[in-house]
Structures are given as structure tokens and as C-alpha cells.
file structure34.txt (compact mmCIF, C-alpha atoms)
# COMPACT_ATOMS: atom_id res chain seq x y z
CA MET A 13 79.24 72.10 -14.61
CA MET A 14 78.07 72.84 -11.10
CA GLU A 15 79.90 70.01 -9.37
CA SER A 16 83.42 70.40 -10.71
CA GLY A 17 84.57 70.75 -7.11
CA LEU A 18 83.28 67.27 -6.43
CA LEU A 19 85.46 65.96 -9.24
CA LEU A 20 88.52 67.41 -7.53
CA ASN A 21 87.34 65.84 -4.29
CA ILE A 22 87.04 62.43 -5.99
CA THR A 23 90.55 62.75 -7.41
CA ILE A 24 92.08 63.63 -4.06
CA CYS A 25 90.31 60.75 -2.31
CA PHE A 26 91.46 58.36 -4.98
CA ALA A 27 95.03 59.63 -4.73
CA ILE A 28 94.99 59.13 -0.96
CA THR A 29 93.66 55.60 -1.40
CA LEU A 30 96.32 54.71 -3.93
CA SER A 31 99.25 56.27 -2.12
CA SER A 32 98.39 54.90 1.30
CA PHE A 33 97.90 51.39 -0.05
CA ALA A 34 101.14 51.68 -2.02
CA PHE A 35 102.97 52.92 1.05
CA ALA A 36 101.58 50.11 3.20
CA TRP A 37 102.67 47.62 0.58
CA VAL A 38 106.18 49.04 0.25
CA LEU A 39 106.54 49.07 4.04
CA ALA A 40 105.38 45.47 4.30
CA ARG A 41 107.81 44.45 1.58
CA SER A 42 110.72 46.11 3.39
CA GLU A 43 110.12 43.80 6.38
CA PRO A 44 113.33 41.72 5.96
CA GLU A 45 115.43 44.88 6.27
CA HIS A 46 114.08 45.57 9.75
CA GLY A 47 115.40 44.17 12.98
CA GLU A 48 113.42 41.76 15.12
CA LYS A 49 112.66 44.53 17.62
CA SER A 50 111.17 46.97 15.16
CA LYS A 51 108.96 44.42 13.40
CA PRO A 52 105.88 44.76 15.66
CA ALA A 53 105.98 48.54 15.17
CA LEU A 54 106.43 48.07 11.42
CA TRP A 55 103.35 45.85 11.15
CA ALA A 56 101.36 48.33 13.21
CA LEU A 57 102.32 51.00 10.69
CA VAL A 58 101.39 48.76 7.78
CA ILE A 59 97.97 48.17 9.34
CA PHE A 60 97.61 51.90 10.01
CA TRP A 61 98.24 52.85 6.39
CA THR A 62 96.03 50.04 5.15
CA LEU A 63 93.21 51.36 7.34
CA VAL A 64 93.75 54.84 5.92
CA GLY A 65 93.48 53.30 2.46
CA PHE A 66 90.34 51.40 3.43
CA THR A 67 88.80 54.60 4.79
CA TYR A 68 89.38 56.50 1.58
CA LEU A 69 88.42 53.73 -0.83
CA PRO A 70 84.71 53.83 0.14
CA THR A 71 85.02 57.60 0.46
CA THR A 72 86.10 57.79 -3.17
CA ILE A 73 83.08 55.73 -4.19
CA ARG A 74 80.96 57.91 -1.92
CA MET A 75 82.09 61.05 -3.71
CA ILE A 76 81.42 59.45 -7.08
CA ALA A 77 77.95 58.50 -5.81
CA ALA A 78 77.36 62.08 -4.71
CA TYR A 79 78.52 63.30 -8.08
CA THR A 80 76.13 60.96 -9.88
CA GLN A 81 73.42 61.84 -7.33
CA ASN A 82 73.11 58.31 -6.06
CA TYR A 83 72.39 59.23 -2.43
CA GLY A 84 71.64 55.72 -1.23
CA LEU A 85 75.12 54.55 -2.21
CA ASP A 86 76.56 57.72 -0.72
CA LEU A 87 75.12 56.88 2.69
CA LEU A 88 76.07 53.21 2.44
CA MET A 89 79.67 54.10 1.65
CA TYR A 90 79.77 56.64 4.49
CA ASN A 91 78.74 53.91 6.91
CA LEU A 92 81.31 51.56 5.41
CA ALA A 93 84.14 54.11 5.58
CA ALA A 94 83.30 54.76 9.23
CA ILE A 95 84.43 51.24 10.19
CA PRO A 96 88.14 51.44 9.24
CA PHE A 97 88.13 55.08 10.31
CA ALA A 98 86.92 54.20 13.82
CA PHE A 99 89.79 51.76 14.29
CA VAL A 100 92.56 53.81 12.72
CA SER A 101 93.83 54.86 16.14
CA VAL A 102 94.24 51.23 17.30
CA PRO A 103 97.42 50.37 15.32
CA LEU A 104 98.69 53.90 15.90
CA VAL A 105 98.43 53.59 19.67
CA TYR A 106 100.00 50.15 19.50
CA PHE A 107 102.88 51.62 17.48
CA ILE A 108 103.57 54.49 19.86
CA ILE A 109 103.26 52.50 23.08
CA TYR A 110 105.43 49.74 21.66
CA VAL A 111 108.15 52.15 20.56
CA ILE A 112 108.23 53.93 23.92
CA VAL A 113 107.69 51.04 26.34
CA GLY A 114 108.91 48.11 24.26
CA ASP A 115 106.37 45.67 25.65
CA LYS A 116 104.05 43.96 23.18
CA LYS A 117 101.58 42.97 25.90
CA VAL A 118 101.20 46.47 27.35
CA SER A 119 100.77 48.03 23.92
CA GLY A 120 98.26 45.32 23.06
CA TYR A 121 96.15 46.12 26.13
CA VAL A 122 96.27 49.86 25.57
CA SER A 123 95.29 49.55 21.93
CA PHE A 124 92.46 47.23 22.96
CA VAL A 125 91.02 50.11 24.99
CA PHE A 126 91.06 52.18 21.82
CA MET A 127 89.32 49.37 20.00
CA ILE A 128 86.50 49.65 22.54
CA PHE A 129 86.41 53.41 21.94
CA GLY A 130 86.14 52.77 18.22
CA ALA A 131 83.36 50.25 18.67
CA ALA A 132 81.48 52.63 20.97
CA TYR A 133 81.82 55.39 18.40
CA LEU A 134 80.38 53.14 15.68
CA THR A 135 77.49 52.05 17.92
CA PHE A 136 76.47 55.62 18.65
CA LEU A 137 77.00 56.67 15.06
CA TYR A 138 74.84 53.89 13.62
CA SER A 139 72.11 54.10 16.24
CA ASN A 140 71.62 57.86 15.93
CA GLY A 141 71.99 58.29 12.18
CA VAL A 142 73.38 61.14 10.12
CA ASN A 143 72.16 64.09 8.09
CA SER A 144 73.55 64.59 4.63
CA THR A 145 74.07 67.59 2.39
CA VAL A 146 75.67 67.60 -1.02
CA THR A 147 77.29 70.80 -2.19
CA GLU A 148 79.36 71.87 -5.16
CA TRP A 149 82.54 70.72 -3.42
CA ALA A 150 81.64 67.86 -1.19
CA SER A 151 79.12 65.48 0.27
CA LEU A 152 78.83 66.18 3.97
CA PHE A 153 77.35 64.14 6.76
CA SER A 154 76.69 65.56 10.17
CA VAL A 155 76.66 63.06 13.01
CA ASN A 156 73.52 63.33 15.15
CA SER A 157 75.00 61.75 18.25
CA ASP A 158 76.87 64.15 20.50
CA ILE A 159 78.29 61.24 22.47
CA ALA A 160 79.77 59.77 19.28
CA ILE A 161 81.47 63.08 18.49
CA ASN A 162 82.83 63.33 22.03
CA ILE A 163 84.21 59.80 22.07
CA TYR A 164 85.76 60.42 18.73
CA LEU A 165 87.39 63.68 19.69
CA MET A 166 88.59 62.67 23.14
CA GLY A 167 89.34 59.01 22.76
CA LEU A 168 90.21 58.51 19.17
CA PHE A 169 92.08 61.67 18.34
CA ILE A 170 93.30 63.84 21.18
CA VAL A 171 94.97 61.05 23.15
CA PRO A 172 96.82 59.46 20.19
CA THR A 173 97.87 62.91 18.95
CA ALA A 174 99.23 63.74 22.39
CA MET A 175 101.10 60.44 22.33
CA ILE A 176 102.66 61.24 18.94
CA LEU A 177 103.72 64.68 20.16
CA GLY A 178 105.20 63.11 23.28
CA LEU A 179 107.26 60.64 21.30
CA LEU A 180 108.30 63.42 18.95
CA LEU A 181 109.47 65.50 21.89
CA ILE A 182 111.43 62.61 23.39
CA ILE A 183 113.32 62.15 20.14
CA LEU A 184 113.83 65.85 19.43
CA LEU A 185 115.26 66.52 22.89
CA GLN A 186 117.98 63.91 22.40
CA ARG A 187 121.23 64.41 20.62
CA VAL A 188 120.92 61.90 17.85
CA PRO A 189 122.58 61.97 14.43
CA LYS A 190 120.77 64.11 11.89
CA ARG A 191 119.98 61.22 9.61
CA LEU A 192 118.42 59.26 12.44
CA ARG A 193 116.46 62.28 13.57
CA TYR A 194 115.03 62.72 10.09
CA ARG A 195 114.12 59.05 9.86
CA THR A 196 112.36 59.04 13.21
CA THR A 197 110.63 62.39 13.39
CA LEU A 198 109.35 62.83 9.85
CA PRO A 199 107.20 59.68 9.87
CA LEU A 200 105.71 60.85 13.15
CA VAL A 201 104.96 64.30 11.79
CA ALA A 202 103.45 62.70 8.69
CA ILE A 203 101.29 60.35 10.74
CA SER A 204 99.96 63.13 12.92
CA PHE A 205 99.28 65.16 9.77
CA VAL A 206 97.25 62.37 8.22
CA PHE A 207 95.56 61.46 11.46
CA ASP A 208 94.44 64.96 12.42
CA PHE A 209 93.28 65.97 8.99
CA MET A 210 91.25 62.78 8.79
CA LEU A 211 89.48 64.02 11.89
CA THR A 212 88.88 67.40 10.30
CA ASP A 213 87.65 65.69 7.17
CA MET A 214 85.10 63.57 9.03
CA ILE A 215 83.84 66.21 11.43
CA THR A 216 83.62 69.35 9.31
CA ASN A 217 80.39 70.94 8.15
CA ILE A 218 82.05 73.17 5.58
CA ASP A 219 82.52 71.70 2.14
CA ILE A 220 85.71 73.55 1.18
CA MET A 221 87.27 72.55 4.49
CA GLN A 222 86.67 68.91 3.65
CA VAL A 223 88.52 69.26 0.37
CA PHE A 224 91.45 71.00 2.04
CA ALA A 225 91.57 68.47 4.86
CA ARG A 226 91.78 65.71 2.27
CA LEU A 227 94.47 67.57 0.41
CA PHE A 228 96.51 67.66 3.61
CA VAL A 229 95.91 63.96 4.23
CA LEU A 230 97.39 63.40 0.79
CA ILE A 231 100.35 65.63 1.59
CA GLY A 232 100.86 63.70 4.83
CA THR A 233 100.91 60.41 2.96
CA VAL A 234 103.51 61.70 0.53
CA GLN A 235 105.49 63.07 3.47
CA ALA A 236 105.49 59.65 5.14
CA PHE A 237 106.72 58.13 1.92
CA LEU A 238 109.54 60.68 1.72
CA ALA A 239 110.45 59.91 5.31
CA TYR A 240 111.19 56.30 4.51
CA PHE A 241 112.47 56.69 0.97
CA PRO A 242 114.03 60.15 0.69
CA PRO A 243 115.06 61.04 -2.85
CA LEU A 244 118.75 61.81 -3.37
CA THR A 245 118.24 65.54 -3.94
CA LEU A 246 116.37 65.84 -0.65
CA GLN A 247 119.08 63.86 1.10
CA GLU A 248 121.74 66.20 -0.23
CA LYS A 249 119.78 69.27 0.72
CA LEU A 250 119.26 68.09 4.27
CA GLY A 251 122.78 66.73 4.56
CA ILE A 252 121.57 63.27 5.47
CA GLN A 253 122.88 61.24 2.56
CA GLU A 254 124.41 57.94 3.40
CA TYR A 255 127.67 57.16 1.66
CA GLN A 256 128.89 53.64 1.30
CA TYR A 257 132.46 53.65 2.56
CA ASP A 258 134.63 50.56 2.32
CA PHE A 259 137.03 49.44 4.98
CA TYR A 260 140.62 50.43 4.33
CA GLU A 261 142.78 47.58 5.47
CA GLU A 262 146.29 48.98 5.26
CA ASP A 263 147.96 50.36 8.39
CA ASP A 264 148.27 54.11 8.65
CA GLU A 265 151.73 53.97 10.16
CA THR A 266 153.47 52.80 7.00
CA GLU A 267 151.72 55.56 5.12
CA SER A 268 152.72 58.29 7.55
CA ASP A 269 156.31 57.08 7.41
CA ASN A 270 156.25 57.72 3.71
CA HIS A 271 155.00 61.22 4.31
CA ILE A 272 157.84 61.96 6.68
CA GLY A 273 160.18 60.71 4.00
CA ASP A 274 158.52 63.01 1.50
CA ASP A 275 158.91 65.98 3.79
CA SER A 276 162.61 65.42 4.34
CA ASP A 277 163.15 65.23 0.59
CA VAL A 278 161.63 68.69 0.27
CA MET B 7 125.52 52.95 54.17
CA SER B 8 123.17 55.25 52.29
CA GLU B 9 122.46 53.15 49.23
CA ASP B 10 123.25 49.73 47.94
CA ILE B 11 125.68 49.40 45.09
CA ASP B 12 124.38 47.64 42.02
CA VAL B 13 127.53 45.83 40.98
CA GLU B 14 126.00 44.44 37.82
CA LEU B 15 124.90 47.87 36.64
CA GLU B 16 128.33 49.33 37.40
CA GLN B 17 129.88 46.54 35.40
CA GLU B 18 127.53 47.25 32.47
CA VAL B 19 128.31 50.96 32.56
CA ALA B 20 132.04 50.28 32.71
CA VAL B 21 131.84 48.01 29.66
CA PHE B 22 129.84 50.69 27.86
CA TYR B 23 132.56 53.30 28.42
CA GLN B 24 135.28 50.81 27.54
CA SER B 25 133.58 50.44 24.18
CA PHE B 26 134.24 54.16 23.70
CA GLY B 27 137.93 53.58 24.30
CA ILE B 28 137.70 54.91 27.87
CA ASN B 29 139.45 52.30 29.96
CA GLN B 30 140.25 54.40 33.00
CA GLY B 31 137.92 56.22 35.35
CA PRO B 32 134.32 55.68 34.27
CA GLY B 33 135.37 52.74 32.12
CA ASP B 34 137.14 50.98 34.97
CA ILE B 35 134.94 48.78 37.16
CA GLN B 36 137.43 48.90 40.06
CA TYR B 37 137.51 52.69 40.01
CA ARG B 38 133.73 52.85 39.89
CA LEU B 39 133.22 50.49 42.81
CA ILE B 40 135.91 52.07 44.99
CA LEU B 41 134.50 55.54 44.45
CA LYS B 42 130.94 54.35 45.12
CA VAL B 43 131.92 52.72 48.41
CA LEU B 44 133.85 55.80 49.46
CA GLU B 45 130.91 58.03 48.66
CA ASN B 46 128.47 55.85 50.54
CA LYS B 47 130.64 55.87 53.66
CA ASP B 48 131.08 59.64 53.61
CA PRO B 49 131.65 61.34 56.04
CA GLY B 50 132.84 58.23 57.91
CA ILE B 51 135.95 56.21 57.42
CA THR B 52 136.00 53.60 54.67
CA GLU B 53 137.79 50.44 55.63
CA PHE B 54 139.77 48.60 53.02
CA SER B 55 137.57 45.56 53.69
CA ASP B 56 134.44 47.58 52.79
CA ILE B 57 135.87 48.13 49.34
CA ARG B 58 137.00 44.55 48.96
CA LYS B 59 133.50 43.29 49.67
CA TYR B 60 132.55 44.58 46.23
CA THR B 61 135.79 44.37 44.30
CA ASP B 62 136.86 40.84 45.23
CA GLN B 63 135.03 39.33 42.27
CA PHE B 64 136.87 41.60 39.85
CA ALA B 65 140.33 42.13 41.25
CA ASP B 66 142.77 40.82 43.81
CA ARG B 67 143.73 42.63 46.94
CA GLY B 68 146.97 43.90 45.49
CA SER B 69 145.53 45.71 42.49
CA ILE B 70 142.93 47.46 44.62
CA GLY B 71 145.62 48.53 47.03
CA SER B 72 147.77 49.91 44.28
CA LYS B 73 144.79 51.68 42.71
CA MET B 74 144.05 53.33 46.02
CA LYS B 75 147.61 54.52 46.16
CA THR B 76 148.36 55.46 42.57
CA VAL B 77 145.01 56.96 41.68
CA PHE B 78 142.92 57.89 44.67
CA GLN B 79 145.60 59.00 47.11
CA LEU B 80 147.91 60.46 44.50
CA GLU B 81 145.18 62.60 42.94
CA GLY B 82 143.83 63.62 46.32
CA LEU B 83 140.47 61.94 46.02
CA VAL B 84 140.90 60.28 49.40
CA LYS B 85 142.83 60.93 52.57
CA LYS B 86 144.37 58.00 54.33
CA VAL B 87 143.53 58.46 57.97
CA LYS B 88 144.67 55.16 59.41
CA ARG B 89 145.97 51.79 58.37
CA GLY B 90 143.46 50.54 55.78
CA GLY B 91 141.15 53.47 56.48
CA TYR B 92 140.25 56.25 54.04
CA VAL B 93 138.07 59.34 54.01
CA ILE B 94 136.78 60.81 50.77
CA THR B 95 137.81 64.42 50.06
CA ASN B 96 135.76 67.19 48.46
CA LYS B 97 137.50 66.48 45.18
CA GLY B 98 136.62 62.84 45.62
CA LEU B 99 132.97 63.76 46.09
CA MET B 100 133.15 65.78 42.88
CA ALA B 101 134.50 62.72 41.10
CA ALA B 102 131.68 60.65 42.61
CA SER B 103 129.13 63.12 41.30
CA PHE B 104 130.74 62.91 37.87
CA LEU B 105 130.52 59.13 38.10
CA LYS B 106 126.79 59.44 38.77
CA ASN B 107 126.47 61.52 35.62
CA THR B 108 128.18 58.83 33.62
CA THR B 109 125.60 56.33 34.88
CA THR B 110 122.77 58.68 33.96
CA PHE B 111 124.25 59.22 30.52
CA TYR B 112 124.52 55.48 30.04
CA LYS B 113 120.91 54.88 31.07
CA LYS B 114 119.62 57.69 28.88
CA THR B 115 121.61 56.61 25.86
CA LYS B 116 120.58 53.01 26.29
CA LYS B 117 116.90 53.92 26.62
CA MET B 118 117.05 56.18 23.58
CA GLY B 119 118.93 53.57 21.59
CA GLU B 120 116.21 51.06 22.37
CA ILE B 121 113.47 53.46 21.31
CA ILE B 122 115.21 54.13 18.02
CA GLU B 123 115.84 50.43 17.57
CA ARG B 124 112.12 49.81 17.84
CA MET B 125 111.25 52.54 15.34
CA PRO B 126 110.76 50.88 11.97
call {"tool": "encode", "arguments": {"input": "structure34.txt", "output": "C-alpha cells"}}
result
Amino acid sequence: MMESGLLLNITICFAITLSSFAFAWVLARSEPEHGEKSKPALWALVIFWTLVGFTYLPTTIRMIAAYTQNYGLDLLMYNLAAIPFAFVSVPLVYFIIYVIVGDKKVSGYVSFVFMIFGAAYLTFLYSNGVNSTVTEWASLFSVNSDIAINIYLMGLFIVPTAMILGLLLIILLQRVPKRLRYRTTLPLVAISFVFDFMLTDMITNIDIMQVFARLFVLIGTVQAFLAYFPPLTLQEKLGIQEYQYDFYEEDDETESDNHIGDDSDV
Amino acid sequence: MSEDIDVELEQEVAVFYQSFGINQGPGDIQYRLILKVLENKDPGITEFSDIRKYTDQFADRGSIGSKMKTVFQLEGLVKKVKRGGYVITNKGLMAASFLKNTTTFYKKTKKMGEIIERMP
């Protein structure tokens, strides 16, 4: 079969869809465990992962359409996937600004700016149209509007990525306990992984690159999952396992007296 | 006077260090305020009343006086130059610089703690 590569592509897209939705759901369900202050950031993350899921759900259908040579559906799904994709940076920016500044209003305003960027990107994308090519590995669309590509690179990706790196640097430069460092930096690394490879996925003209970009998006999603729910073996390896110690009520003095007694006996 | 003393902040920082089990020096609000006043007045003479302006809400006259004697004068952080008048020494300035570091550490730790608190 000529298009076996497309089958792999479909599988990866579907896996991304499933895992990002599952992750968003698990995060949303863990809401009661989080403090009042981290809740806005948590919901921003839930929305972020849901948007990733909603980007890759139509993309999965798109790849199936390409595989079955239904090009009309392919284009329709591309246009549909562009909507959640254009706004994926909005919750992300909200998340980062909120974590750093701690003001819901400020982060709301800043993410609104990114919403405008997203809308502008969609306007230029839809008004200028796309060119499609289907290869053995992928179905590719090249965006005709240069302005759309520029908005998308500058506004939607470079700035949020810089923000993630900034936050990452702030945390890495501090002396915080290892466990805390793992919990705070790994999600950020995972998010930037997913975010940047989504960009590569959408912008590339090379079919194999699209497949690899999607593979890395999948890896990023799994990484984010591991950041929040590290398996025991990983915890042991990294030395970040959390033991449940109970309080010991008895006074130490009585105990040490006994020891002195023991010593004198010897 | 070179800069105003933020009594509330000093109080916060002192409580922070007390929570570490440090009750003297950086964890002592009287010590903090006395040293701040002395530093601000440098190289001039600090009157006892200058110090009391800030410390009156925390301590009576007697305990400040005894702190001046048993800590600041004894350790050579100040030199008594007249009745109720002190001049900060080089060692005292070193202590004041250390005190500034403790404030910076507090601010940094607090900021970082808040960032981590907001991380889900």
C-alpha cells in the first residue's frame, strides 16, 4: 500500500487527541486537591490541553479523509482544526502571566491580546486560502497569506515560548527542593514541547517532518502526564519520592536517658 | 536620614526569621530597627530618641537601652560618644549590610513561594 505512512500519521494524531483529552480530564478532576491560588492556573491548563485535543481531533479525521482521498473533507477539517489551534496560546499566556504576576485581571488582558492575534491569524488564513498536497506520509496545506504566517510565528508562538523559558529560568535559578523543581519545571518543558511542535506541524512543507512533529507532540503530552503523576519507579530514580511519615509523639529526652543507661551498663 | 524605615516590612521579616527558630539578630524586630536607624544616621550621631521613634510600639525604653548596652555596645557595633548618643562602627555597618541581605532573602523567598503556590 502506498499510503501506509498516512496510517501511522492517523494513529499518532488519534493518540494525541486521546491523551490530551484524558490529561485535561484528569487535571480537571484533581481540582479539589489544589489550593485557591493555583486554581485559575489549573483551569488555564485544562483549557490548554482541551484545545490541543480539539486541534488534533479534526486533524485525525483530516488524515483519514486524506487516506480515503476525500479532499473536500480534508480541507473542511483543516479549517476546523485551525480554530482551536489559533487560540491555543491564549490559555497558555494566561497561565504563565498568572503564575508570575499573580493578578487575574492582568493575565486576562494579556491573553485577550493573544486572542486578537489568533482571530487575526484566522481572518488572514480564511481570506487567502490554502494549497494542499497529499503525499505518502501526510496531507500538507501551505498557507497563502504571508501575514498570517508572520502573525502566527511572532505573536502566537515566539512570545509564549519566550514566556515559558523565562518562567523556567526563574524556577531553575532558585534553590527549591528537588521534588518541587520536578513538579514545576517538567510541565513547563512538556508544554513548550507540545506547543512548539504544533507550530512545526502546522507550518511544515515536508511530509516526514509533519509526522515527526506530531510524534513529539505526543511525547510532550506523555511527558506532561508524567510530570503530574510520576510513576513510582521514576520517582525512585529521580529521588523525588514522597514518603508518608507519621508524627512521633513521645519526647526524645526520655529515650536518650535510656540510651545513657544502656551505655553505662556496657 | 537617607531612607525611610518600613516598620511593617521589618516586622514581617523578623516574624519570618523567628519561624526558622532565629529569635535574635535578624529575627528580632528591636535589633532590626535599631540597626536600621543607626545605619541611616551614619556618619552622624544617633540619638536615643531617634531609635525610640521607631521602637516605642514594640518595646519600652528600658529594653532598648539594655539591648544597646548588651548587644550593640558589647559587640562593638556602636560607639557611645555622648549621653544617649551613638555612632555606628565599621563592624556595625557590616551587620547592617547583612541585615539588608536578610530582607532581600525574605523578599525573594516570599516571591518564589507565591509563584510555586500558584503553579498547579
call {"tool": "interface_residues", "arguments": {"input": "structure34.txt", "of": "chain A", "to": "chain B", "cutoff": "6 Å", "atoms": "all atoms listed in the file", "output": "ChimeraX atom specification"}}
result
/A:49-50,54,111-112
call {"tool": "residues_around", "arguments": {"input": "structure34.txt", "residues": "B:Gly90", "least_positions_apart": "6", "cutoff": "12 Å", "atoms": "only C-alpha atoms", "output": "VMD selection string"}}
result
chain B and resid 51 to 58 67 70 to 71 74 to 75 84
call {"tool": "atom_distance", "arguments": {"input": "structure34.txt", "atom1": "atom CA of A:Asn162", "atom2": "atom CA of A:Ala132"}}
result
10.8 Å
call {"tool": "residues_around", "arguments": {"input": "structure34.txt", "residues": "B:Ile40", "least_positions_apart": "4", "cutoff": "8 Å", "atoms": "only C-alpha atoms", "output": "MDAnalysis selection string"}}
result
chainID B and resid 36 44 57 61
call {"tool": "closest_residue", "arguments": {"input": "structure34.txt", "among": "A:Ile252, A:Leu63, A:Val188, A:Ala202", "to": "A:Gln235", "atoms": "only C-alpha atoms"}}
result
A:Ala202
call {"tool": "residues_near_point", "arguments": {"input": "structure34.txt", "point": "(77.5, 56.9, 2.7)", "cutoff": "10 Å", "atoms": "all atoms listed in the file", "output": "count of residues only"}}
result
25
call {"tool": "residues_around", "arguments": {"input": "structure34.txt", "residues": "A:Phe126", "least_positions_apart": "5", "cutoff": "10 Å", "atoms": "all atoms listed in the file", "output": "number ranges by chain"}}
result
A: 98-106, 121, 131-132, 167-168, 171-172
call {"tool": "atom_distance", "arguments": {"input": "structure34.txt", "atom1": "atom CA of A:Leu250", "atom2": "atom CA of A:Phe33"}}
result
27.5 Å
call {"tool": "atom_distance", "arguments": {"input": "structure34.txt", "atom1": "atom CA of B:Asp10", "atom2": "atom CA of A:Gln186"}}
result
29.7 Å
call {"tool": "residues_around", "arguments": {"input": "structure34.txt", "residues": "stretch 214-222 of chain A", "least_positions_apart": "3", "cutoff": "6 Å", "atoms": "all atoms listed in the file", "output": "PyMOL selection string"}}
result
chain A and resi 149-150+211+225
call {"tool": "write_last_selection", "arguments": {"input": "structure34.txt", "atoms": "C-alpha atoms", "output": "PDB file, in the frame of the given file"}}
result
ATOM      1  CA  TRP A 149      82.540  70.720  -3.420  1.00  0.00           C
ATOM      2  CA  ALA A 150      81.640  67.860  -1.190  1.00  0.00           C
ATOM      3  CA  LEU A 211      89.480  64.020  11.890  1.00  0.00           C
ATOM      4  CA  ALA A 225      91.570  68.470   4.860  1.00  0.00           C
TER       5      ALA A 225
END
call {"tool": "residues_around", "arguments": {"input": "structure34.txt", "residues": "B:Leu15", "least_positions_apart": "6", "cutoff": "12 Å", "atoms": "all atoms listed in the file", "output": "list in words"}}
result
Val21, Phe22, Ile35, Arg38, Leu39, Lys106, Thr108, Thr109, Thr110, Tyr112 and Lys113 of chain B
call {"tool": "closest_residue", "arguments": {"input": "structure34.txt", "among": "B:Ala65, B:Lys116, B:Glu45, B:Gly91", "to": "B:Val19", "atoms": "only C-alpha atoms"}}
result
B:Lys116
call {"tool": "residues_near_point", "arguments": {"input": "structure34.txt", "point": "(97.5, 53.8, 5.0)", "cutoff": "9 Å", "atoms": "only C-alpha atoms", "output": "PyMOL selection string"}}
result
chain A and resi 28-29+31-36+57-67+233
call {"tool": "write_last_selection", "arguments": {"input": "structure34.txt", "atoms": "C-alpha atoms", "output": "PDB file, keeping the file's coordinate frame"}}
result
ATOM      1  CA  ILE A  28      94.990  59.130  -0.960  1.00  0.00           C
ATOM      2  CA  THR A  29      93.660  55.600  -1.400  1.00  0.00           C
ATOM      3  CA  SER A  31      99.250  56.270  -2.120  1.00  0.00           C
ATOM      4  CA  SER A  32      98.390  54.900   1.300  1.00  0.00           C
ATOM      5  CA  PHE A  33      97.900  51.390  -0.050  1.00  0.00           C
ATOM      6  CA  ALA A  34     101.140  51.680  -2.020  1.00  0.00           C
ATOM      7  CA  PHE A  35     102.970  52.920   1.050  1.00  0.00           C
ATOM      8  CA  ALA A  36     101.580  50.110   3.200  1.00  0.00           C
ATOM      9  CA  LEU A  57     102.320  51.000  10.690  1.00  0.00           C
ATOM     10  CA  VAL A  58     101.390  48.760   7.780  1.00  0.00           C
ATOM     11  CA  ILE A  59      97.970  48.170   9.340  1.00  0.00           C
ATOM     12  CA  PHE A  60      97.610  51.900  10.010  1.00  0.00           C
ATOM     13  CA  TRP A  61      98.240  52.850   6.390  1.00  0.00           C
ATOM     14  CA  THR A  62      96.030  50.040   5.150  1.00  0.00           C
ATOM     15  CA  LEU A  63      93.210  51.360   7.340  1.00  0.00           C
ATOM     16  CA  VAL A  64      93.750  54.840   5.920  1.00  0.00           C
ATOM     17  CA  GLY A  65      93.480  53.300   2.460  1.00  0.00           C
ATOM     18  CA  PHE A  66      90.340  51.400   3.430  1.00  0.00           C
ATOM     19  CA  THR A  67      88.800  54.600   4.790  1.00  0.00           C
ATOM     20  CA  THR A 233     100.910  60.410   2.960  1.00  0.00           C
TER      21      THR A 233
END
call {"tool": "closest_residue", "arguments": {"input": "structure34.txt", "among": "B:Arg89, B:Tyr37, B:Leu83, B:Val43", "to": "B:Ser69", "atoms": "only C-alpha atoms"}}
result
B:Tyr37
